[in-house]
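Step one of this worksheet: look at the structure below.
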Amino acid sequence: MSLEATSVPTVATEPFINRRDPALALGPDGRPAMSRRAPKWADVPDEKWNDWRWQLSNRVNELADVAEILNLTEEERDGLSAPDKFRVDITPYFISLIDPDDPNDPIRRQVIPLGREAQAFTAMMEDSLAEDRHSPVPGLVHRYPDRVLMLVTTQCASYCRYCTRSRIVGDPTQNFNRAEHEAQLDYLRRTPQVRDVLISGGDGLTLAPKLLEQIIRGLREIPHIEIIRIGSRVPVFLPQRVDDELCEMLGKYHPVWMNLHFNHANEITPEVARAVDKLTRAGIPVGNQSVLLAGVNDCVNIQRQLVHKLVEMRVRPYYIYQCDLVEGSGHFRTPVGKGLEIMEGLRGHTSGYAVPTYVIDAPGGGGKIPVMPNYLISYSDHKVVLRNYEGYITTYEEPTDYKAHDKTTCDACLHARKEPGQSGVLGLLEGERMWIEPTGFSEVHARGNDQPHRLQQPGKWTPYGVGPIEGKARETLPVLPAEFGPGEEPRPLDGEPTASAHGELL
Ligand SMILES: *Cc1c(COP(=O)(O)O)cnc(C)c1O
Ligand code: SF4
């Protein structure tokens, strides 16, 4: 027999069914697999169950309704009956994924409140990322030089107990209306340095489809906006919402990127895999942001299962966030060492694609700060000492004849985009200045808030004893209050941390 006769025909003639693709998983009846449905809804016809509007209007929020589905503990009963708790609302699809008899079920812990939620903790804040102070118009957080966070709604498909934006999320009275969307778009039209807009909330995918499209179209009509991103947990809580119509709409406004929010592998179901498949087929690169949560995913192996399931769906783990210092999240918080341990257990141990960046979103609003285990052990003239994931130590020799890049002839340098007041550490490296002084926020006022940015205190950022600095004569530096002697650090205002006084943070 020839080679063609034995090996090629099997490939060519038999249709290949890809059993590895989670979007093609079949159930025991040979039809597309479905996840478990709580007995309460056993008789709901599939057309209704699969209709996102039915799922939204049949959400569970009252103690009595939850008790029909889950065997509640005393502490959960306390949580559910607390009078001014953060909103509870859970889609029938999502609550059905919970094991009714396991009080530690990782999905359950994310959506069912505990009495402990009301407990305050040290450093707890209402708006821990100071988003309201960085909002030039309501709902638009402009913190970074080239990108903004655009909050378009306060509504979500279900509500996470640890929500970082619980000060507004879930509250219909604080929702953003069309006049506010228009004011947000108007700010963006006037702000050409913004090239990346992140639509979030709440959850933009809970908006009426027409309204969502109006907003996205409004953004796409602004010529300087290069990419549009959507941060959404709808595909997790309500995968039924990701229908062909939505994907077709989003596909018209490319480049559109999306970040989802999975925290545990139990959230990845056949329904989710099919929803994510639709998004990726619409050409949307999909990422994931998870939050490190005690009792949910504070484990290297749980995180590894999660990231493996994500990359199987072609979702790229993007960030893993340290839990914010927000009201209601005290019992979810972990030490930072836990996050570092997880990163040690991922980098090198699994595909680079499966490794997110671990970040702390800076309390007070400094943006995301990566937290990394140390791989660079030391560095001296022409030699870098490194260690790998196993602890193996190696060195890298640097070139001795590197000719510095010539900025004066480089087209990209000559036409570099300006970052007024935010050149940051690069500015220090380039010798342009000797200290960092955040600027550019003084015009920023939030709703009813006429305070300048909290770091906008020139005295805090003026170094002593450095003599005249090129381009900025000593005399032009802000005059410091007389009570500070030479060499003495300016004191922070009451309770305010400053970069020059990090000892005080500790
Ligand atoms: C997270 C965030 C962004 C986006 O940050 P990336 O690191 O680019 O993903 C932008 N603006 C605000 C206010 C944010 O919180
Ligand atoms: S989906 Fe996001 S915005 Fe909505 S409750 Fe959860 S964390 Fe908050």
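Following the order of the structure tokens, chains are lettered A, B, ..., residues in each are numbered from 1, and ligands are numbered from 1.
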May I have the residues within 9 Å of ligand 2, computed using only C-alpha atoms and all ligand atoms, as a PyMOL selection string?
chain A and resi 87+110-111+154-166+169-170+200-203+231-234+237+261+291
When you look at Met150 (chain A) with a cut-off of 7 Å (counting only C-alpha atoms), what residues show up, excluding the ones that are within fewer than 4 positions of it in the same chain? I need them as a PyMOL selection string.
chain A and resi 139-141+197-200
Quick one: residues within 12 Å of region 26-28 of chain A, only C-alpha atoms, excluding same-chain residues fewer than 6 positions away - as a list in words?
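What passes the distance filter is Ile17, Asn18, Arg19, Arg20, Met34, Ser35, Arg36, Thr269, Pro270, Glu271, Ala273 and Arg274 of chain A.
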Could those residues be written to a file, using C-alpha atoms, as a PDB file, in the first residue's frame?
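The new file out-v4.pdb reads:
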ATOM      1  CA  ILE A  17     -14.803  16.890  15.448  1.00  0.00           C
ATOM      2  CA  ASN A  18     -12.671  18.892  17.805  1.00  0.00           C
ATOM      3  CA  ARG A  19     -13.432  17.472  21.245  1.00  0.00           C
ATOM      4  CA  ARG A  20     -10.846  19.741  22.808  1.00  0.00           C
ATOM      5  CA  MET A  34     -25.723  22.881  29.462  1.00  0.00           C
ATOM      6  CA  SER A  35     -24.761  23.588  33.031  1.00  0.00           C
ATOM      7  CA  ARG A  36     -26.853  22.659  36.030  1.00  0.00           C
ATOM      8  CA  THR A 269     -19.256  26.595  31.831  1.00  0.00           C
ATOM      9  CA  PRO A 270     -20.241  25.356  28.354  1.00  0.00           C
ATOM     10  CA  GLU A 271     -22.515  28.418  28.033  1.00  0.00           C
ATOM     11  CA  ALA A 273     -17.292  28.866  26.409  1.00  0.00           C
ATOM     12  CA  ARG A 274     -19.823  29.381  23.610  1.00  0.00           C
TER      13      ARG A 274
END
Ligand 1: which residues are within 6 Å, counting only C-alpha atoms and all ligand atoms, as a list in words?
Val141, His142, Arg143, Arg147, Val148 and Leu149 of chain A
Backbone-only DSSP, strand (DSSP E) members of region 165-356 of chain A, as a PyMOL selection string:
chain A and resi 196-200+227-231+256-260+286-291+316-321
Near-Ile98 (chain A) list (12 Å; only C-alpha atoms; drop same-chain fewer than 3 positions) as a PyMOL selection string
chain A and resi 35-38+66+69-72+90-95+101-112+266-267
Mind listing the alpha helix (DSSP H) residues of region 226-334 of chain A, per DSSP on the backbone, as a PyMOL selection string?
chain A and resi 234-237+244-251+270-281+300-312
Show which residues sit within 8 Å of region 227-230 of chain A, as a ChimeraX atom specification. Count only C-alpha atoms, and ignore same-chain residues fewer than 3 positions away.
/A:195-200,204,216,219-220,254-259
Output N, CA and C atoms for every residue in that selection, as a PDB file, in the first residue's frame.
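Output file again_20.pdb follows:
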ATOM      1  N   ARG A 195      -6.274  58.143  23.698  1.00  0.00           N
ATOM      2  CA  ARG A 195      -6.298  57.250  22.534  1.00  0.00           C
ATOM      3  C   ARG A 195      -6.943  55.911  22.857  1.00  0.00           C
ATOM      4  N   ASP A 196      -7.332  55.714  24.129  1.00  0.00           N
ATOM      5  CA  ASP A 196      -7.835  54.409  24.569  1.00  0.00           C
ATOM      6  C   ASP A 196      -8.949  54.671  25.576  1.00  0.00           C
ATOM      7  N   VAL A 197     -10.148  54.160  25.289  1.00  0.00           N
ATOM      8  CA  VAL A 197     -11.273  54.374  26.206  1.00  0.00           C
ATOM      9  C   VAL A 197     -11.760  53.024  26.710  1.00  0.00           C
ATOM     10  N   LEU A 198     -11.854  52.930  28.021  1.00  0.00           N
ATOM     11  CA  LEU A 198     -12.285  51.692  28.651  1.00  0.00           C
ATOM     12  C   LEU A 198     -13.706  51.881  29.175  1.00  0.00           C
ATOM     13  N   ILE A 199     -14.653  51.201  28.531  1.00  0.00           N
ATOM     14  CA  ILE A 199     -16.057  51.303  28.940  1.00  0.00           C
ATOM     15  C   ILE A 199     -16.300  50.322  30.075  1.00  0.00           C
ATOM     16  N   SER A 200     -16.789  50.859  31.199  1.00  0.00           N
ATOM     17  CA  SER A 200     -17.032  49.980  32.340  1.00  0.00           C
ATOM     18  C   SER A 200     -18.217  50.529  33.111  1.00  0.00           C
ATOM     19  N   GLY A 204     -21.387  47.835  31.077  1.00  0.00           N
ATOM     20  CA  GLY A 204     -21.948  48.406  29.859  1.00  0.00           C
ATOM     21  C   GLY A 204     -22.803  47.422  29.076  1.00  0.00           C
ATOM     22  N   ILE A 216     -20.827  53.575  21.815  1.00  0.00           N
ATOM     23  CA  ILE A 216     -19.636  53.063  21.116  1.00  0.00           C
ATOM     24  C   ILE A 216     -19.448  53.817  19.799  1.00  0.00           C
ATOM     25  N   LEU A 219     -17.979  57.148  20.375  1.00  0.00           N
ATOM     26  CA  LEU A 219     -16.531  57.065  20.601  1.00  0.00           C
ATOM     27  C   LEU A 219     -15.802  56.866  19.274  1.00  0.00           C
ATOM     28  N   ARG A 220     -16.328  55.983  18.458  1.00  0.00           N
ATOM     29  CA  ARG A 220     -15.659  55.663  17.195  1.00  0.00           C
ATOM     30  C   ARG A 220     -15.607  56.870  16.253  1.00  0.00           C
ATOM     31  N   HIS A 254     -14.460  48.034  15.340  1.00  0.00           N
ATOM     32  CA  HIS A 254     -13.072  47.647  15.649  1.00  0.00           C
ATOM     33  C   HIS A 254     -12.111  48.802  15.453  1.00  0.00           C
ATOM     34  N   PRO A 255     -10.965  48.799  16.123  1.00  0.00           N
ATOM     35  CA  PRO A 255     -10.506  47.814  17.109  1.00  0.00           C
ATOM     36  C   PRO A 255     -11.222  47.907  18.467  1.00  0.00           C
ATOM     37  N   VAL A 256     -11.911  46.798  18.819  1.00  0.00           N
ATOM     38  CA  VAL A 256     -12.575  46.679  20.115  1.00  0.00           C
ATOM     39  C   VAL A 256     -11.918  45.516  20.857  1.00  0.00           C
ATOM     40  N   TRP A 257     -11.517  45.770  22.079  1.00  0.00           N
ATOM     41  CA  TRP A 257     -10.931  44.731  22.947  1.00  0.00           C
ATOM     42  C   TRP A 257     -11.872  44.524  24.121  1.00  0.00           C
ATOM     43  N   MET A 258     -11.768  43.364  24.745  1.00  0.00           N
ATOM     44  CA  MET A 258     -12.635  43.138  25.892  1.00  0.00           C
ATOM     45  C   MET A 258     -11.877  42.451  27.023  1.00  0.00           C
ATOM     46  N   ASN A 259     -12.155  42.865  28.249  1.00  0.00           N
ATOM     47  CA  ASN A 259     -11.645  42.164  29.422  1.00  0.00           C
ATOM     48  C   ASN A 259     -12.826  41.627  30.202  1.00  0.00           C
TER      49      ASN A 259
END
List as an MDAnalysis selection string the protein and nucleic acid residues near Tyr375 (chain A), meaning an atom at most 12 Å away when only C-alpha atoms are counted, but skip any in the same chain fewer than 5 places from it.
chainID A and resid 343:344 347:348 384:395
Shell of 10 Å around Asp186 (chain A), only C-alpha atoms, local chain residues under 5 positions omitted, as a ChimeraX atom specification
/A:137,180-181,191,218-219,222
Selected residues, N, CA, C and O atoms, written as a PDB file, in the first residue's frame, please.
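Below is the file out_4.pdb, written as the result:
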ATOM      1  N   VAL A 137     -15.601  64.909  34.340  1.00  0.00           N
ATOM      2  CA  VAL A 137     -17.060  64.952  34.223  1.00  0.00           C
ATOM      3  C   VAL A 137     -17.569  63.675  34.887  1.00  0.00           C
ATOM      4  O   VAL A 137     -16.838  62.689  34.954  1.00  0.00           O
ATOM      5  N   GLU A 180     -25.275  62.723  30.573  1.00  0.00           N
ATOM      6  CA  GLU A 180     -23.936  62.483  31.114  1.00  0.00           C
ATOM      7  C   GLU A 180     -23.049  61.741  30.115  1.00  0.00           C
ATOM      8  O   GLU A 180     -21.863  62.035  29.988  1.00  0.00           O
ATOM      9  N   HIS A 181     -23.646  60.772  29.407  1.00  0.00           N
ATOM     10  CA  HIS A 181     -22.854  60.115  28.348  1.00  0.00           C
ATOM     11  C   HIS A 181     -22.378  61.157  27.345  1.00  0.00           C
ATOM     12  O   HIS A 181     -21.239  61.116  26.874  1.00  0.00           O
ATOM     13  N   THR A 191     -10.288  66.284  24.162  1.00  0.00           N
ATOM     14  CA  THR A 191      -9.071  65.840  24.839  1.00  0.00           C
ATOM     15  C   THR A 191      -8.282  64.897  23.930  1.00  0.00           C
ATOM     16  O   THR A 191      -8.378  63.678  24.051  1.00  0.00           O
ATOM     17  N   GLY A 218     -20.474  56.838  19.179  1.00  0.00           N
ATOM     18  CA  GLY A 218     -20.013  58.180  19.546  1.00  0.00           C
ATOM     19  C   GLY A 218     -18.502  58.195  19.760  1.00  0.00           C
ATOM     20  O   GLY A 218     -17.812  59.145  19.366  1.00  0.00           O
ATOM     21  N   LEU A 219     -17.979  57.148  20.375  1.00  0.00           N
ATOM     22  CA  LEU A 219     -16.531  57.065  20.601  1.00  0.00           C
ATOM     23  C   LEU A 219     -15.802  56.866  19.274  1.00  0.00           C
ATOM     24  O   LEU A 219     -14.781  57.510  19.008  1.00  0.00           O
ATOM     25  N   ILE A 222     -14.851  59.772  17.133  1.00  0.00           N
ATOM     26  CA  ILE A 222     -13.803  60.706  17.571  1.00  0.00           C
ATOM     27  C   ILE A 222     -12.487  60.227  16.968  1.00  0.00           C
ATOM     28  O   ILE A 222     -12.016  59.141  17.290  1.00  0.00           O
TER      29      ILE A 222
END
From the options A:Ile342, A:Leu151, A:Ile215, A:Ile225, which residue's atoms come nearest to Gln174 (chain A), counting only C-alpha atoms?
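Among the listed residues, A:Leu151 lies closest to Gln174 (chain A).
Of the listed residues A:Asp406, A:Glu341, A:Glu312, A:Glu221, the one whose atoms come nearest to Asn374 (chain A) is A:Glu341, with distances taken using only C-alpha atoms.
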Counting only C-alpha atoms, which residue out of A:Leu56, A:Met125, A:Met372, A:Val355 sits closest to Thr206 (chain A)?
A:Leu56
